[in-house]
Every structure is written in C-alpha cells, then in structure tokens.
Amino acid sequence: MGDKIKAFWRKISWAWSPESERESSEAIVKNFWLHWFPAKVARASMDWNYSFWLGTASAALLLILTVTGVMLMFFYVPSTERAYGSIKDLEYAVSFGRLLRNQHRWAAEGMVAIVYIHMARVFFTSAYRGARAINWVVGVILFLATLLLSFTGYLLPWDQLAFWAITVGTSIAKQAPLVGPTIQFILLGGHEIGQQTLLRFYVLHVFFLPVLALVLFGYHMWRVRKDGGLAVIERVRNERAMAPKATPKTKSYSLFGLTPGTSVQVMSSTELEESDQVFSSPNMSRRIALVFLIVFNITLLAALLFNAPLEGLANPSVTPNPAKAPWYFVWLQELVASTTVRMGGFTISGALLGGILLPGFLLAVLTLWPWLDRSPLRTEGRWLAPERKRQNATFAVATLVIIVLIMVGVYLRGPYWRIYWPGQPRPEIPQLY
Amino acid sequence: MAEKNESFEVKDFGWLVAMSILFFALVVVGFWIEFSTEWGPYQQEFPQLLGHYGKVEDARDFRAGIKQIWIPKIGVTDRCITCHLGYEWSSVLPATIAEPLKPHPMNDWLVKHEFSRFGCTPCHGGDGSATTVAGAHQGGRGWDDPMLSRALAGQNGLTMNEMIQMRCNFCHRHDAATPAMEEINLAKQLVKKKKCMVCHVVEGSGGTTGPELTYEGDRNPELLNFAHVRGERTMFNWNVQHLTQASVVSPHTQMPDFNMKPEESRALTLLLLSWRRLPYPPEYIPDPEVAAAAMQPSPTSTATPTPTATPIAR
Amino acid sequence: MDADRRKILRFIGKGSVLAAFLGQIGAAGRAFFPNVLYEPPSRFKLKRPNDYPNGYTLDAAHRLFVIRQKDAFHVISAICTHLGCNVQWKDTEFDCPCHGSRFNPDGTVISGPAPRPLDWFATTVSPDGFLEVDSATDVARDFRLVIGGKGKA
C-alpha cells in the first residue's frame with residue numbers, strides 16, 4: 001500500500017530523495033517542488049551569516065498568512081454590523097479560532113519586520129548592483145504591498161482601532177496635491193467611513209493585494225535565479241579573480257537563442273569552481289525546510305503566548321485617546337504630528353509634509369538607490385564593505401531615526417499625544433462607572 | 001558526496017529534526033490550550049450536581065459545549081450560561097451552591113423577564129459573547145458596558161441590586177414608579193421635586209438653560225471636566241458630585257448647588273446613566289400605567305412611598 | 001493595393017480592440033465612484049434654535065458644536081483639520097486626542113499640527129424654524145446667526 005502511494009506521488013510530483021550526484025541534479029529537473037531551483041548553488045550562499053535566510057523567512061510568513069487568511073475568510077463577515085461580532089466569535093466560539101487569528105496577526109506583524117530587515121541585509125551587502133537592481137525595485141514594491149496588506153487587514157475587525165486607523169490613514173491620502181480628495185473618495189466609497197469603505201478594504205486585503213504580492217513574489221524568486229543567485233557569488237568570483245564568462249548556449253536555450261548575445265543564464269553560478277558549489281537538492285531544500293520550520297515555530301509560539309488585540313466596537317462619535325496607528329506606521333504618525341510648518345500666514349500641513357512628501361521622498365530614494373550608488377562594484381556581496389561607509393551610515397541612520405520615532409510613538413505618547421516619560425504618571429482615561 | 005558538505009549538512013539535519021519535534025510539541029500545546037477551557041470543569045461538575053439533587057435523567061441528557069442564548073431582535077448573544085449552568089434550576093438546586101453553578105435567585109420579576117426573552121447582559125451588562133471570566137466580566141480596553149458586579153457597585157457605594165436598577169430603567173423609563181426599583185423611583189421623584197426640567201430638555205420638553213439630558217447615559221466620559229472631582233475619574237462619580245455641588249465641579253455653571261444627600265445624588269446618577277439610545281422593540285417596553293397600578297395596592301411595602309402615577313414622568 | 005487595404009483594416013481592428021478595452025477599464029473604474037451616498041447630505045437640519053442652551057453643545061451624530069450666545073448662533077465643526085479625529089471641548093479650548101492639536105474657542109489653532117482653523121459652517125434658519133447647517137460652505141469667523149425677538153435665553 002505504502003509503495004503504491006509513493007509511486008502515485010512520484011507520478012504527479014516527481015518526488016526524489018537523491019542517492020547520487022546524478023540523482024541530485026535530476027531531482028531539480030524532475031521534481032515539481034524543486035524545479036525552480038538551479039541544480040547547484042554556491043556554497044557561500046548557504047552561509048547563515050551572509051543572508052540570515054530572511055527572504056526565505058518572509059516566504060514562510062507569506063505561506064502562513066495565505067493559509068490562515070483563507071481560513072479566516074470562512075468566518076469573517078465584511079459588514080459593519082457583523083464584522084466585530086464575527087471576530088468575537090473567532091475569539092470565543094470557533095474551535096482554534098483564537099489561535100488562527102493570533103497566528104495571522106503575529107505573522108503579519110512579523111512579516112513587516114522581516115521584510116524590512118531583509119531589505120536592510122540586501123543594502124548592507126551591496127546586493128542590488130547591476131542586473132540585480134531590477135529585483136531591488138521589485139523588492140521595494142513587495143515591501144509596500146506588505147505594508148498595505150497589514151494596514152488593510154488592521155481595519156477589518158471594525159473596532160475603535162480599525163475605525164480611527166482608517167480615519168487617520170485616509171485623511172493622510174487626502175492631503176496629496178490635486179488628486180488627494182479623489183483618492184480619499186474612492187478609498188472610502190464616500191466622504192465618511194461606512195459599509196462601502198469596509199468592503200473596499202476587505203476586497204483589497206483578501207484579493208487584490210495578495211494576488212499582487214504573490215505574482216511579484218514569484219517574479220522576485222525567478223529573478224533571483226536569473227540574476228545568478230545571491231550576490232555573495234560575486235564576492236567569491238572576485239576572490240577567485242574570475243571574470244564573468246558567458247556560458248555556452250544549452251540545448252534548451254538554443255531554442256530561444258534566436259537573438260544575438262548571451263543567454264539569460266550569463267551570471268549563473270555554474271561557472272564557479274566545483275569546490276565552491278553544492279547540490280541544491282538536498283542541501284538547499286533541506287535548509288529551506290529548516291527555515292520554514294523555525295518560522296512556523298516562532299509564529300505558533302507567539303500565537304500561543306500572546307492574544308491579538310481587539311478594542312471596543314467602532315464608534316464614529318468617540319475618538320480613542322490617544323488614537324495610535326499600528327507600530328509600523330507610528331513613525332509616520334509622529335512625522336504627521338510634528339512636521340506642520342508655519343511661515344508667517346502660510347502653513348504647510350504636517351499631513352502633507354510628514355504624511356506624503358517625506359515618505360514619498362524616502363520611497364523614491366529607496367527605489368532609485370541602485371542608480372544613485374556609485375560605490376565600487378567589488379563591494380558586491382560583502383557585509384558592511386569599508387568602501388561603502390557613507391551609504392551604509394545613511395541607511396543605518398535613517399533606520400535608527402525610524403526606530404526611535406516608533407519607540408517614542410508606541411511607548412512615550414499618552415493622552416492628547418503628549419510625551420510621558422517612563423515612570424511619569426499618565427492621566428487616567430475616565431470610565432463610565 | 002563531498003565531505004566538505006558535512007559542516008552544515010549534519011548541523012542542518014540535526015536542527016531540522018529538533019525543529020520538527022518542537023513544531024509537533026507546539027501543536028500539542030495548542031490542542032491542550034484549546035481543550036482546557038475555563039468552562040470545562042464546571043460542565044463536568046454540573047451533571048453530577050443535577051444527579052445529586054435527584055435529576056438523574058437531566059444529568060444524563062446534559063451535553064457539554066458552549067451554550068448561548070441568542071435573541072437577534074435585541075442584539076443579544078449571551079454565552080454566560082456556558083459556565084453559569086444552574087441559572088434556570090432554582091426549583092431544584094439550593095441557593096447555597098457556589099458560583100458559577102448557583103441558580104439565579106427566583107425573583108418576582110423573573111416571571112415577566114424570562115431568560116429566553118432577555119438573556120443575561122440586558123440586565124447585568126458585560127460581554128455576553130465571551131467565554132472567559134476576564135472577557136465576559138471586565139471586557140477589554142474601551143469597553144463601555146462592564147458587568148455590574150458586586151465589586152463595581154460597591155466602589156460606587158451601592159449594592160449590585162441597586163446598580164442593576166439603572167439597566168431596568170432602559171425599558172421602564174416611562175414608568176412613574178416601578179415595583180422593586182427603589183433607587184430609580186426615588187430619582188424620578190427627585191426629578192420632579194428639584195424641577196430639573198426647568199433648565200434641561202428631556203425627550204423634547206424642558207428649559208434650555210442647561211444641556212439636554214435625553215441621552216445623558218451615552219455621553220463620552222472623556223468630555224467631562226474632572227479637575228474638581230474627588231476620587232475615581234468615572235462618569236458616575238462626576239455626576240454624583242455635580243448633583244451635590246455643581247459649583248465645585250463646574251465653576252462656571254449656572255446650575256444651583258442642590259446639596260443632595262449622597263443616596264439621593266447616587267439614585268439620580270443611576271437615572272441619568274440609564275438614559276441611553278437602545279435597541280429594544282415596543283414589545284419590551286412596559287405600559288407605564290400597568291406599572292403604576294402595580295405600585296398602588298402596596299399596604300405591606302412601606303419602604304417605597306407611592307408616588308402619584310403620571311405616565312409622562314421620566 | 002491589397003496590402004494597403006489589409007494594413008488599414010488591421011489598424012482599424014487593433015484600434016477597435018484597444019479602444020474597447022480602454023472603455024471597459026474606464027467603465028470598471030467609473031463604477032468605483034458612487035453616484036448615491038448612504039450618508040447625511042452636506043446640508044441638514046438640526047434642532048430649533050431655542051432648543052440649545054447657552055454655550056457649546058456637542059452634536060456627536062453630526063460631529064459639530066452649536067454655540068449659542070444669547071440670540072446669536074454659530075456652528076463649528078468638531079472634525080480636526082489635521083487628520084479628521086473628533087476634537088473635544090474642554091471649557092476654554094478644543095483639544096484633539098489624535099495628534100494633540102489645540103484650538104481657541106473660535107476654532108483658530110493654538111498649537112499642534114492642525115494646518116488651519118476648525119471649519120465654521122454656514123447656518124440659517126429653515127422656513128419651518130430649524131437651524132440648518134451647510135457643511136460644504138465655510139464662513140468667516142465673525143459670522144453670527146442672530147435670531148431676532150424670539151430668543152429668550
């Protein structure tokens with residue numbers, strides 16, 4: 001019986017546990033799950049200390065979010081009357097519902113953090129040079145998609161936090177020059193937050209943005225391979241004083257080889273010395289399984305230990321005090337609250353300056369960075385190369401400022417957005433009885 | 001394969017096994033948490049209790065699981081009875097049984113306020129959808145309808161019974177007086193005696209010197225000035241002190257100091273907080289004249305002075 | 001000749017398909033702009049002038065304050081001009097809980113990130129005697145609706 005199942009599985013997925021080098025290579029070609037890997041990868045890219053496997057960790061989180069998200073869709077009702085109740089049901093009446101929601105919540109917040117750290121890693125290792133610049137841009141868009149997914153998801157429970165997060169978030173959009181009010185109008189489906197708004201954010205959250213993220217994720221992965229793998233390979237190549245050389249056209253590529261020039265595999269790692277390479281299967285597949293399991297475990301542990309927050313039912317006539325954005329947007333809230341400039345009778349709103357112009361500028365610089373960066377190419381694939389001191393310092397300082405702003409917003413801001421130092425008593429928010 | 005692989009291959013394999021075992025362990029913990037509910041032990045105990053008091057068949061028919069009273073027309077989903085299993089068994093179970101299995105006291109008013117029509121939270125407050133003590137009894141941050149527990153009532157110088165009268169008045173708002181609602185009855189008399197409606201609008205009539213009070217119970221506590229309020233920063237406290245000495249609590253107010261007795265200002269506060277916008281359909285609203293009639297022949301109850309029945313009183 | 005005709009037909013064909021797709025996309029996009037709104041209109045009635053006491057009265061449902069000084073009325077929006085939270089009236093000033101903007105009793109900014117004063121809504125008395133507010137029209141800060149004779153506060 002077992003053999004029959006095994007044989008059937010092989011028929012559909014070409015599963016393989018390689019027992020020889022030949023089988024290792026064949027596994028990549030024949031196994032459905034492995035075919036997007038190259039047959040061999042650089043030994044250096046297996047190093048924990050180079051990439052920390054943050055991209056893989058993000059993929060693992062995306063998987064958790066997709067699965068738990070689809071599960072949650074069976075229980076959530078995107079209506080202003082029933083949304084809050086359906087979350088309460090998940091909390092208290094659906095078997096494992098609380099665990100499901102906690103996993104989804106912590107995986108989402110974890111993904112925002114991990115994707116950013118992944119981006120920082122790519123920056124600090126100068127891994128966005130040359131052809132990899134395109135993938136850097138794709139990565140920036142994926143980071144944005146992650147933020148938007150998190151933000152739209154934040155609104156769905158229809159609690160006070162959700163309601164006032166939409167109010168603040170869409171009011172920021174309204175400050176955009178010329179198109180602002182129109183954007184806010186489409187987002188809200190009116191001038192006020194209501195049923196239309198909830199439905200729009202719901203569809204964005206469960207269909208539009210996930211599809212965008214998954215398609216871009218696929219392209220991101222494909223591109224990593226087509227750009228020759230991780231940038232650490234360039235370091236190895238530099239160390240071995242090897243010039244990149246064209247690979248001979250393979251049989252399959254000759255089919256596409258109608259155009260002049262080298263094939264897309266030009267930067268492949270296959271040209272590395274035999275000793276600098278390892279087989280993808282089972283080395284990389286095992287490592288990926290390991291990273292996935294680590295991420296599953298951390299998320300599950302967090303979901304078992306901490307409950308996702310849920311405030312009172314949304315109430316348009318009572319603004320919570322203070323109304324805080326989710327932590328990954330608190331730095332923006334800090335900017336929005338403190339960047340209103342007054343020159344004589346002329347005022348520039350903080351929402352425009354801190355909510356649109358400054359983040360827009362940061363985003364533009366981030367996207368175009370590969371073309372602004374003039375550091376020598378030999379820094380590719382090296383952590384904190386001394387030749388890139390200025391670039392690395394810029395990124396580190398920007399990150400630090402954002403972290404400080406987040407800390408201030410999350411821990412120090414109290415009622416009326418005033419600063420309260422640790423230990424300083426905060427005025428109690430009055431209660432009913 | 002090359003021995004060089006050994007370095008990470010063996011380590012990876014070891015970690016992979018460890019992580020797999022940890023994963024399994026965490027899932028087991030997840031199951032354990034899911035199945036070790038707060039209500040589980042009570043539901044095991046309850047059928048034994050029924051059996052002990054001679055209800056063997058009912059004990060046998062008892063099915064464990066989350067139990068709820070669902071009354072969509074008044075927005076009630078009360079799962080309180082998942083733990084408070086004895087609630088409808090006062091004919092069998094003695095009142096000495098400890099909470100949460102203790103039967104609901106068979107008060108006179110339960111005859112007209114059946115569990116199946118009212119549930120639990122319309123009278124007691126709290127979060128009916130919760131199946132944990134913390135969730136149901138206290139509620140989370142921003143929770144504006146906490147359960148009216150003995151402790152909470154005690155903080156405000158009242159008994160639980162007195163505090164709950166506030167919620168009775170959600171429906172009994174238009175009774176001139178209602179049996180067993182001494183606090184609210186006293187407050188309604190005070191409204192007339194102190195002539196509140198000379199200055200305040202309530203339900204469309206009254207003076208406009210002061211703010212309208214029709215939905216006073218819905219006010220956001222945060223909008224009140226607590227600078228001159230002693231003790232806890234609660235809307236209850238603010239009202240009690242404001243009714244006693246308005247000039248102290250709101251220095252610029254035109255409202256006179258009524259110098260009420262503490263029990264009077266507490267009763268009036270209960271009445272004010274009961275004035276809310278509510279989802280109850282007409283069938284839940286009693287006829288004020290019937291309530292007044294019920295008050296009339298009360299030769300035994302000297303505790304409640306019988307007010308003159310004026311149906312339009314608030 | 002034949003080739004030319006083919007070219008023209010191809011151009012027409014491609015153009016039609018392109019235009020059709022653009023039309024479809026436009027139609028889909030247009031659907032996102034609602035034609036009717038399930039929200040109160042920008043011009044709405046409040047209560048009768050004499051239903052308001054002197055001073056600041058919050059109308060939480062409409063998110064505004066009705067301010068009465070004897071016979072003079074004006075209406076100030078309760079929506080913070082910064083990012084749309086509800087401001088709170090604190091006896092001598094308006095405070096916004098979201099980002100700490102503070103406003104004078106006439107709605108002008110004391111401090112905080114709010115870029116402009118709170119809106120003053122155009123206010124009239126409707127033919128049937130109610131205060132009528134037009135939230136789409138901002139009025140000057142000296143605007144007062146004076147109710148002659150009847151005001152007895």
# chains A, B, ... in the order shown; residues from 1 in each chain; ligands from 1
>>> select_by_dssp(residues="segment 84-153 of chain C", states="strand (DSSP E or B)", output="JSON, numbers by chain")
{"C": [86, 88, 89, 94, 95, 102, 103, 109, 110, 111, 120, 121, 122, 123, 124, 125, 131, 132, 133, 134, 135, 136, 137, 138, 145, 146]}
>>> interface_residues(of="chain C", to="chain A", cutoff="7 Å", atoms="only C-alpha atoms", output="VMD selection string")
chain C and resid 32 to 34 37 60 to 61 63 82 to 86 96 to 100 113 to 115
>>> write_last_selection(atoms="N, CA and C atoms", output="mmCIF file, in the first residue's frame")
data_model
loop_
_atom_site.group_PDB
_atom_site.id
_atom_site.type_symbol
_atom_site.label_atom_id
_atom_site.label_comp_id
_atom_site.auth_asym_id
_atom_site.auth_seq_id
_atom_site.Cartn_x
_atom_site.Cartn_y
_atom_site.Cartn_z
ATOM 1 N N PHE C 32 -16.353 52.734 -9.420
ATOM 2 C CA PHE C 32 -15.840 52.943 -8.072
ATOM 3 C C PHE C 32 -16.199 54.315 -7.513
ATOM 4 N N PHE C 33 -16.734 55.194 -8.369
ATOM 5 C CA PHE C 33 -17.184 56.493 -7.878
ATOM 6 C C PHE C 33 -18.683 56.419 -7.623
ATOM 7 N N PRO C 34 -19.094 56.293 -6.368
ATOM 8 C CA PRO C 34 -20.518 56.113 -6.100
ATOM 9 C C PRO C 34 -21.342 57.322 -6.548
ATOM 10 N N LEU C 37 -24.923 58.320 -2.102
ATOM 11 C CA LEU C 37 -24.163 58.071 -0.880
ATOM 12 C C LEU C 37 -25.116 57.782 0.270
ATOM 13 N N ALA C 60 -22.929 64.955 18.558
ATOM 14 C CA ALA C 60 -21.982 63.891 18.225
ATOM 15 C C ALA C 60 -22.337 63.218 16.898
ATOM 16 N N ALA C 61 -23.625 63.133 16.596
ATOM 17 C CA ALA C 61 -24.038 62.451 15.369
ATOM 18 C C ALA C 61 -23.570 63.217 14.131
ATOM 19 N N ARG C 63 -21.145 65.507 14.255
ATOM 20 C CA ARG C 63 -19.760 65.890 14.516
ATOM 21 C C ARG C 63 -19.572 67.404 14.401
ATOM 22 N N HIS C 82 -6.596 68.479 10.868
ATOM 23 C CA HIS C 82 -5.347 67.771 10.609
ATOM 24 C C HIS C 82 -5.636 66.428 9.951
ATOM 25 N N LEU C 83 -6.137 65.471 10.728
ATOM 26 C CA LEU C 83 -6.403 64.160 10.130
ATOM 27 C C LEU C 83 -7.780 63.604 10.473
ATOM 28 N N GLY C 84 -8.707 64.476 10.833
ATOM 29 C CA GLY C 84 -10.089 64.041 10.894
ATOM 30 C C GLY C 84 -10.575 63.386 12.175
ATOM 31 N N CYS C 85 -9.832 63.488 13.281
ATOM 32 C CA CYS C 85 -10.358 62.960 14.535
ATOM 33 C C CYS C 85 -11.356 63.961 15.124
ATOM 34 N N ASN C 86 -12.122 63.504 16.120
ATOM 35 C CA ASN C 86 -13.093 64.392 16.761
ATOM 36 C C ASN C 86 -12.413 65.214 17.850
ATOM 37 N N CYS C 96 -7.558 67.964 20.437
ATOM 38 C CA CYS C 96 -7.700 66.783 19.587
ATOM 39 C C CYS C 96 -6.893 65.632 20.175
ATOM 40 N N PRO C 97 -7.536 64.483 20.425
ATOM 41 C CA PRO C 97 -6.828 63.371 21.053
ATOM 42 C C PRO C 97 -5.829 62.665 20.126
ATOM 43 N N CYS C 98 -5.959 62.836 18.812
ATOM 44 C CA CYS C 98 -5.106 62.039 17.916
ATOM 45 C C CYS C 98 -3.667 62.543 17.868
ATOM 46 N N HIS C 99 -3.497 63.820 17.575
ATOM 47 C CA HIS C 99 -2.136 64.325 17.436
ATOM 48 C C HIS C 99 -1.907 65.597 18.223
ATOM 49 N N GLY C 100 -2.801 65.843 19.188
ATOM 50 C CA GLY C 100 -2.557 66.911 20.143
ATOM 51 C C GLY C 100 -2.757 68.330 19.650
ATOM 52 N N PRO C 113 -0.307 70.186 15.200
ATOM 53 C CA PRO C 113 -0.082 70.060 13.760
ATOM 54 C C PRO C 113 -1.230 70.532 12.872
ATOM 55 N N ALA C 114 -2.380 70.919 13.425
ATOM 56 C CA ALA C 114 -3.505 71.296 12.564
ATOM 57 C C ALA C 114 -3.109 72.463 11.664
ATOM 58 N N PRO C 115 -3.313 72.326 10.357
ATOM 59 C CA PRO C 115 -2.852 73.347 9.420
ATOM 60 C C PRO C 115 -3.754 74.568 9.364
#
>>> interface_residues(of="chain A", to="chain B", cutoff="9 Å", atoms="only C-alpha atoms", output="number ranges by chain")
A: 20-21, 43, 46-47, 85, 88-89, 91-93, 95-96, 99, 160, 275, 278, 283, 286-287, 289-291, 293-294, 296-297, 300-301, 304, 309-313, 317-318, 320-321, 428-433
>>> residues_around(residues="segment 164-170 of chain B", least_positions_apart="5", cutoff="6 Å", atoms="only C-alpha atoms", output="list in words")
Cys123, Met181, Leu270 and Ser274 of chain B
>>> residues_around(residues="His35 of chain A", least_positions_apart="6", cutoff="12 Å", atoms="only C-alpha atoms", output="list in words")
Ser13, Trp14, Ala15, Trp16, Ser24, Ser25, Glu26, Ala27, Ile28, Val29, Trp222, Arg225, Ser280, Ser281 and Ser285 of chain A
>>> interface_residues(of="chain B", to="chain C", cutoff="7 Å", atoms="only C-alpha atoms", output="PyMOL selection string")
chain B and resi 208-211+223
>>> select_by_dssp(residues="segment 6-126 of chain C", states="helix (DSSP H, G or I)", output="list in words")
Arg6, Lys7, Ile8, Leu9, Arg10, Phe11, Ile12, Gly13, Lys14, Gly15, Ser16, Val17, Leu18, Ala19, Ala20, Phe21, Leu22, Gly23, Gln24, Ile25, Gly26, Ala27, Ala28, Gly29, Arg30, Pro49, Asn50 and Asp51 of chain C
>>> write_last_selection(atoms="N, CA and C atoms", output="short mmCIF file (atom, residue, chain, number, x, y, z; two decimals), in the first residue's frame")
data_model
loop_
_atom_site.label_atom_id
_atom_site.label_comp_id
_atom_site.auth_asym_id
_atom_site.auth_seq_id
_atom_site.Cartn_x
_atom_site.Cartn_y
_atom_site.Cartn_z
N ARG C 6 -5.25 45.85 -46.35
CA ARG C 6 -5.02 44.96 -45.22
C ARG C 6 -4.47 45.75 -44.04
N LYS C 7 -3.55 46.66 -44.34
CA LYS C 7 -2.92 47.48 -43.30
C LYS C 7 -3.96 48.34 -42.58
N ILE C 8 -4.80 48.93 -43.40
CA ILE C 8 -5.84 49.81 -42.83
C ILE C 8 -6.80 49.01 -41.97
N LEU C 9 -7.20 47.84 -42.51
CA LEU C 9 -8.13 47.01 -41.75
C LEU C 9 -7.51 46.56 -40.44
N ARG C 10 -6.20 46.22 -40.54
CA ARG C 10 -5.51 45.78 -39.32
C ARG C 10 -5.48 46.91 -38.31
N PHE C 11 -5.21 48.11 -38.81
CA PHE C 11 -5.14 49.27 -37.93
C PHE C 11 -6.50 49.51 -37.25
N ILE C 12 -7.55 49.40 -38.09
CA ILE C 12 -8.90 49.60 -37.53
C ILE C 12 -9.22 48.53 -36.50
N GLY C 13 -8.84 47.29 -36.85
CA GLY C 13 -9.10 46.19 -35.93
C GLY C 13 -8.39 46.36 -34.61
N LYS C 14 -7.09 46.65 -34.68
CA LYS C 14 -6.31 46.83 -33.45
C LYS C 14 -6.84 48.00 -32.64
N GLY C 15 -7.10 49.08 -33.39
CA GLY C 15 -7.60 50.28 -32.71
C GLY C 15 -8.91 50.02 -31.99
N SER C 16 -9.82 49.27 -32.64
CA SER C 16 -11.11 49.00 -32.02
C SER C 16 -10.93 48.21 -30.74
N VAL C 17 -10.08 47.17 -30.81
CA VAL C 17 -9.88 46.33 -29.63
C VAL C 17 -9.30 47.16 -28.51
N LEU C 18 -8.31 47.98 -28.84
CA LEU C 18 -7.67 48.81 -27.82
C LEU C 18 -8.69 49.75 -27.20
N ALA C 19 -9.45 50.42 -28.08
CA ALA C 19 -10.44 51.38 -27.58
C ALA C 19 -11.50 50.67 -26.74
N ALA C 20 -11.89 49.46 -27.17
CA ALA C 20 -12.89 48.70 -26.42
C ALA C 20 -12.37 48.37 -25.03
N PHE C 21 -11.10 47.91 -24.97
CA PHE C 21 -10.52 47.58 -23.67
C PHE C 21 -10.44 48.79 -22.76
N LEU C 22 -9.98 49.91 -23.37
CA LEU C 22 -9.88 51.13 -22.57
C LEU C 22 -11.27 51.52 -22.04
N GLY C 23 -12.26 51.35 -22.91
CA GLY C 23 -13.63 51.67 -22.50
C GLY C 23 -14.07 50.80 -21.34
N GLN C 24 -13.77 49.52 -21.45
CA GLN C 24 -14.14 48.58 -20.38
C GLN C 24 -13.45 48.93 -19.07
N ILE C 25 -12.14 49.24 -19.18
CA ILE C 25 -11.39 49.59 -17.98
C ILE C 25 -11.96 50.87 -17.37
N GLY C 26 -12.26 51.82 -18.25
CA GLY C 26 -12.85 53.08 -17.78
C GLY C 26 -14.18 52.84 -17.10
N ALA C 27 -14.98 51.97 -17.70
CA ALA C 27 -16.29 51.67 -17.11
C ALA C 27 -16.14 51.06 -15.73
N ALA C 28 -15.19 50.11 -15.64
CA ALA C 28 -14.95 49.47 -14.35
C ALA C 28 -14.48 50.50 -13.34
N GLY C 29 -13.59 51.39 -13.79
CA GLY C 29 -13.07 52.42 -12.89
C GLY C 29 -14.16 53.37 -12.44
N ARG C 30 -15.03 53.72 -13.38
CA ARG C 30 -16.09 54.68 -13.05
C ARG C 30 -17.02 54.13 -11.97
N PRO C 49 -33.59 76.62 17.22
CA PRO C 49 -32.60 77.45 17.92
C PRO C 49 -32.81 77.46 19.43
N ASN C 50 -34.06 77.54 19.86
CA ASN C 50 -34.30 77.65 21.29
C ASN C 50 -34.14 76.34 22.05
N ASP C 51 -33.85 75.26 21.31
CA ASP C 51 -33.57 74.00 21.98
C ASP C 51 -32.13 73.94 22.49
#
>>> closest_atom_pairs(of="segment 26-99 of chain C", to="segment 129-142 of chain C", cutoff="8 Å", atoms="only C-alpha atoms", output="tab-separated table")
residue	atom	partner	partner_atom	distance
C:Ser42	CA	C:Ser135	CA	5.2
C:Arg43	CA	C:Asp134	CA	4.3
C:Phe44	CA	C:Val133	CA	5.5
C:Lys45	CA	C:Glu132	CA	4.3
C:Leu46	CA	C:Leu131	CA	5.2
C:Lys47	CA	C:Phe130	CA	5.5
C:Arg48	CA	C:Phe130	CA	4.3
C:Pro49	CA	C:Leu131	CA	5.9
C:Val75	CA	C:Val133	CA	7.8
>>> write_last_selection(atoms="N, CA and C atoms", output="CSV table (one decimal), in the first residue's frame")
chain,number,residue,atom,x,y,z
C,42,SER,N,-24.8,67.2,2.8
C,42,SER,CA,-24.0,68.2,3.4
C,42,SER,C,-24.8,69.3,4.0
C,43,ARG,N,-26.1,69.4,3.5
C,43,ARG,CA,-27.0,70.4,4.1
C,43,ARG,C,-28.0,69.7,4.9
C,44,PHE,N,-28.1,70.0,6.2
C,44,PHE,CA,-29.0,69.2,7.1
C,44,PHE,C,-29.5,70.1,8.2
C,45,LYS,N,-30.7,69.7,8.8
C,45,LYS,CA,-31.3,70.5,9.8
C,45,LYS,C,-30.9,69.9,11.2
C,46,LEU,N,-30.7,70.9,12.1
C,46,LEU,CA,-30.5,70.5,13.5
C,46,LEU,C,-31.8,70.7,14.2
C,47,LYS,N,-31.7,71.0,15.5
C,47,LYS,CA,-32.9,71.3,16.3
C,47,LYS,C,-33.3,72.8,16.1
C,48,ARG,N,-34.4,73.1,16.8
C,48,ARG,CA,-34.8,74.6,16.8
C,48,ARG,C,-33.8,75.4,17.6
C,49,PRO,N,-33.6,76.6,17.2
C,49,PRO,CA,-32.6,77.4,17.9
C,49,PRO,C,-32.8,77.5,19.4
C,75,VAL,N,-22.0,77.7,14.2
C,75,VAL,CA,-21.7,76.2,14.3
C,75,VAL,C,-20.3,76.0,13.9
>>> atom_distance(atom1="atom CA of Thr125 of chain A", atom2="atom CA of Ala398 of chain A")
16.9 Å
>>> atom_distance(atom1="atom CA of Ala292 of chain B", atom2="atom CA of His174 of chain B")
10.3 Å
>>> atom_distance(atom1="atom CA of Ala64 of chain B", atom2="atom CA of Asn102 of chain A")
25.9 Å
>>> closest_residue(among="C:Ala31, C:Leu64, C:Leu118, C:Ile79", to="Pro105 of chain C", atoms="only C-alpha atoms")
C:Leu118
>>> residues_around(residues="Leu198 of chain A", least_positions_apart="4", cutoff="10 Å", atoms="only C-alpha atoms", output="short mmCIF file (atom, residue, chain, number, x, y, z; two decimals) with C-alpha atoms, in the first residue's frame")
data_model
loop_
_atom_site.label_atom_id
_atom_site.label_comp_id
_atom_site.auth_asym_id
_atom_site.auth_seq_id
_atom_site.Cartn_x
_atom_site.Cartn_y
_atom_site.Cartn_z
CA PRO A 78 -17.28 42.13 5.92
CA SER A 79 -20.30 44.09 7.14
CA THR A 80 -20.26 46.95 9.60
CA ALA A 83 -17.66 42.22 11.36
CA THR A 152 -5.95 47.00 5.17
CA LEU A 155 -9.21 47.76 9.60
CA LEU A 156 -11.27 44.63 9.21
CA PRO A 157 -12.13 43.87 12.87
CA TRP A 158 -14.16 47.11 12.86
CA ALA A 162 -9.70 49.97 12.95
CA PHE A 163 -12.09 52.86 12.55
CA ILE A 166 -8.92 54.39 8.50
CA LEU A 187 -10.94 54.57 -0.96
CA LEU A 188 -13.85 55.36 1.34
CA GLY A 189 -16.55 55.00 -1.30
CA ILE A 193 -16.23 55.70 6.68
CA GLY A 194 -19.01 53.20 6.29
CA TYR A 202 -11.78 43.82 2.54
CA VAL A 203 -11.51 43.12 -1.19
CA LEU A 204 -8.13 44.88 -1.29
#
>>> residues_around(residues="segment 140-147 of chain A", least_positions_apart="6", cutoff="12 Å", atoms="only C-alpha atoms", output="MDAnalysis selection string")
chainID A and resid 55 58:59 61:62 65 107:120 122:123 128 133:134 153:154 204:205 208:221 326:329 359:360 362:370
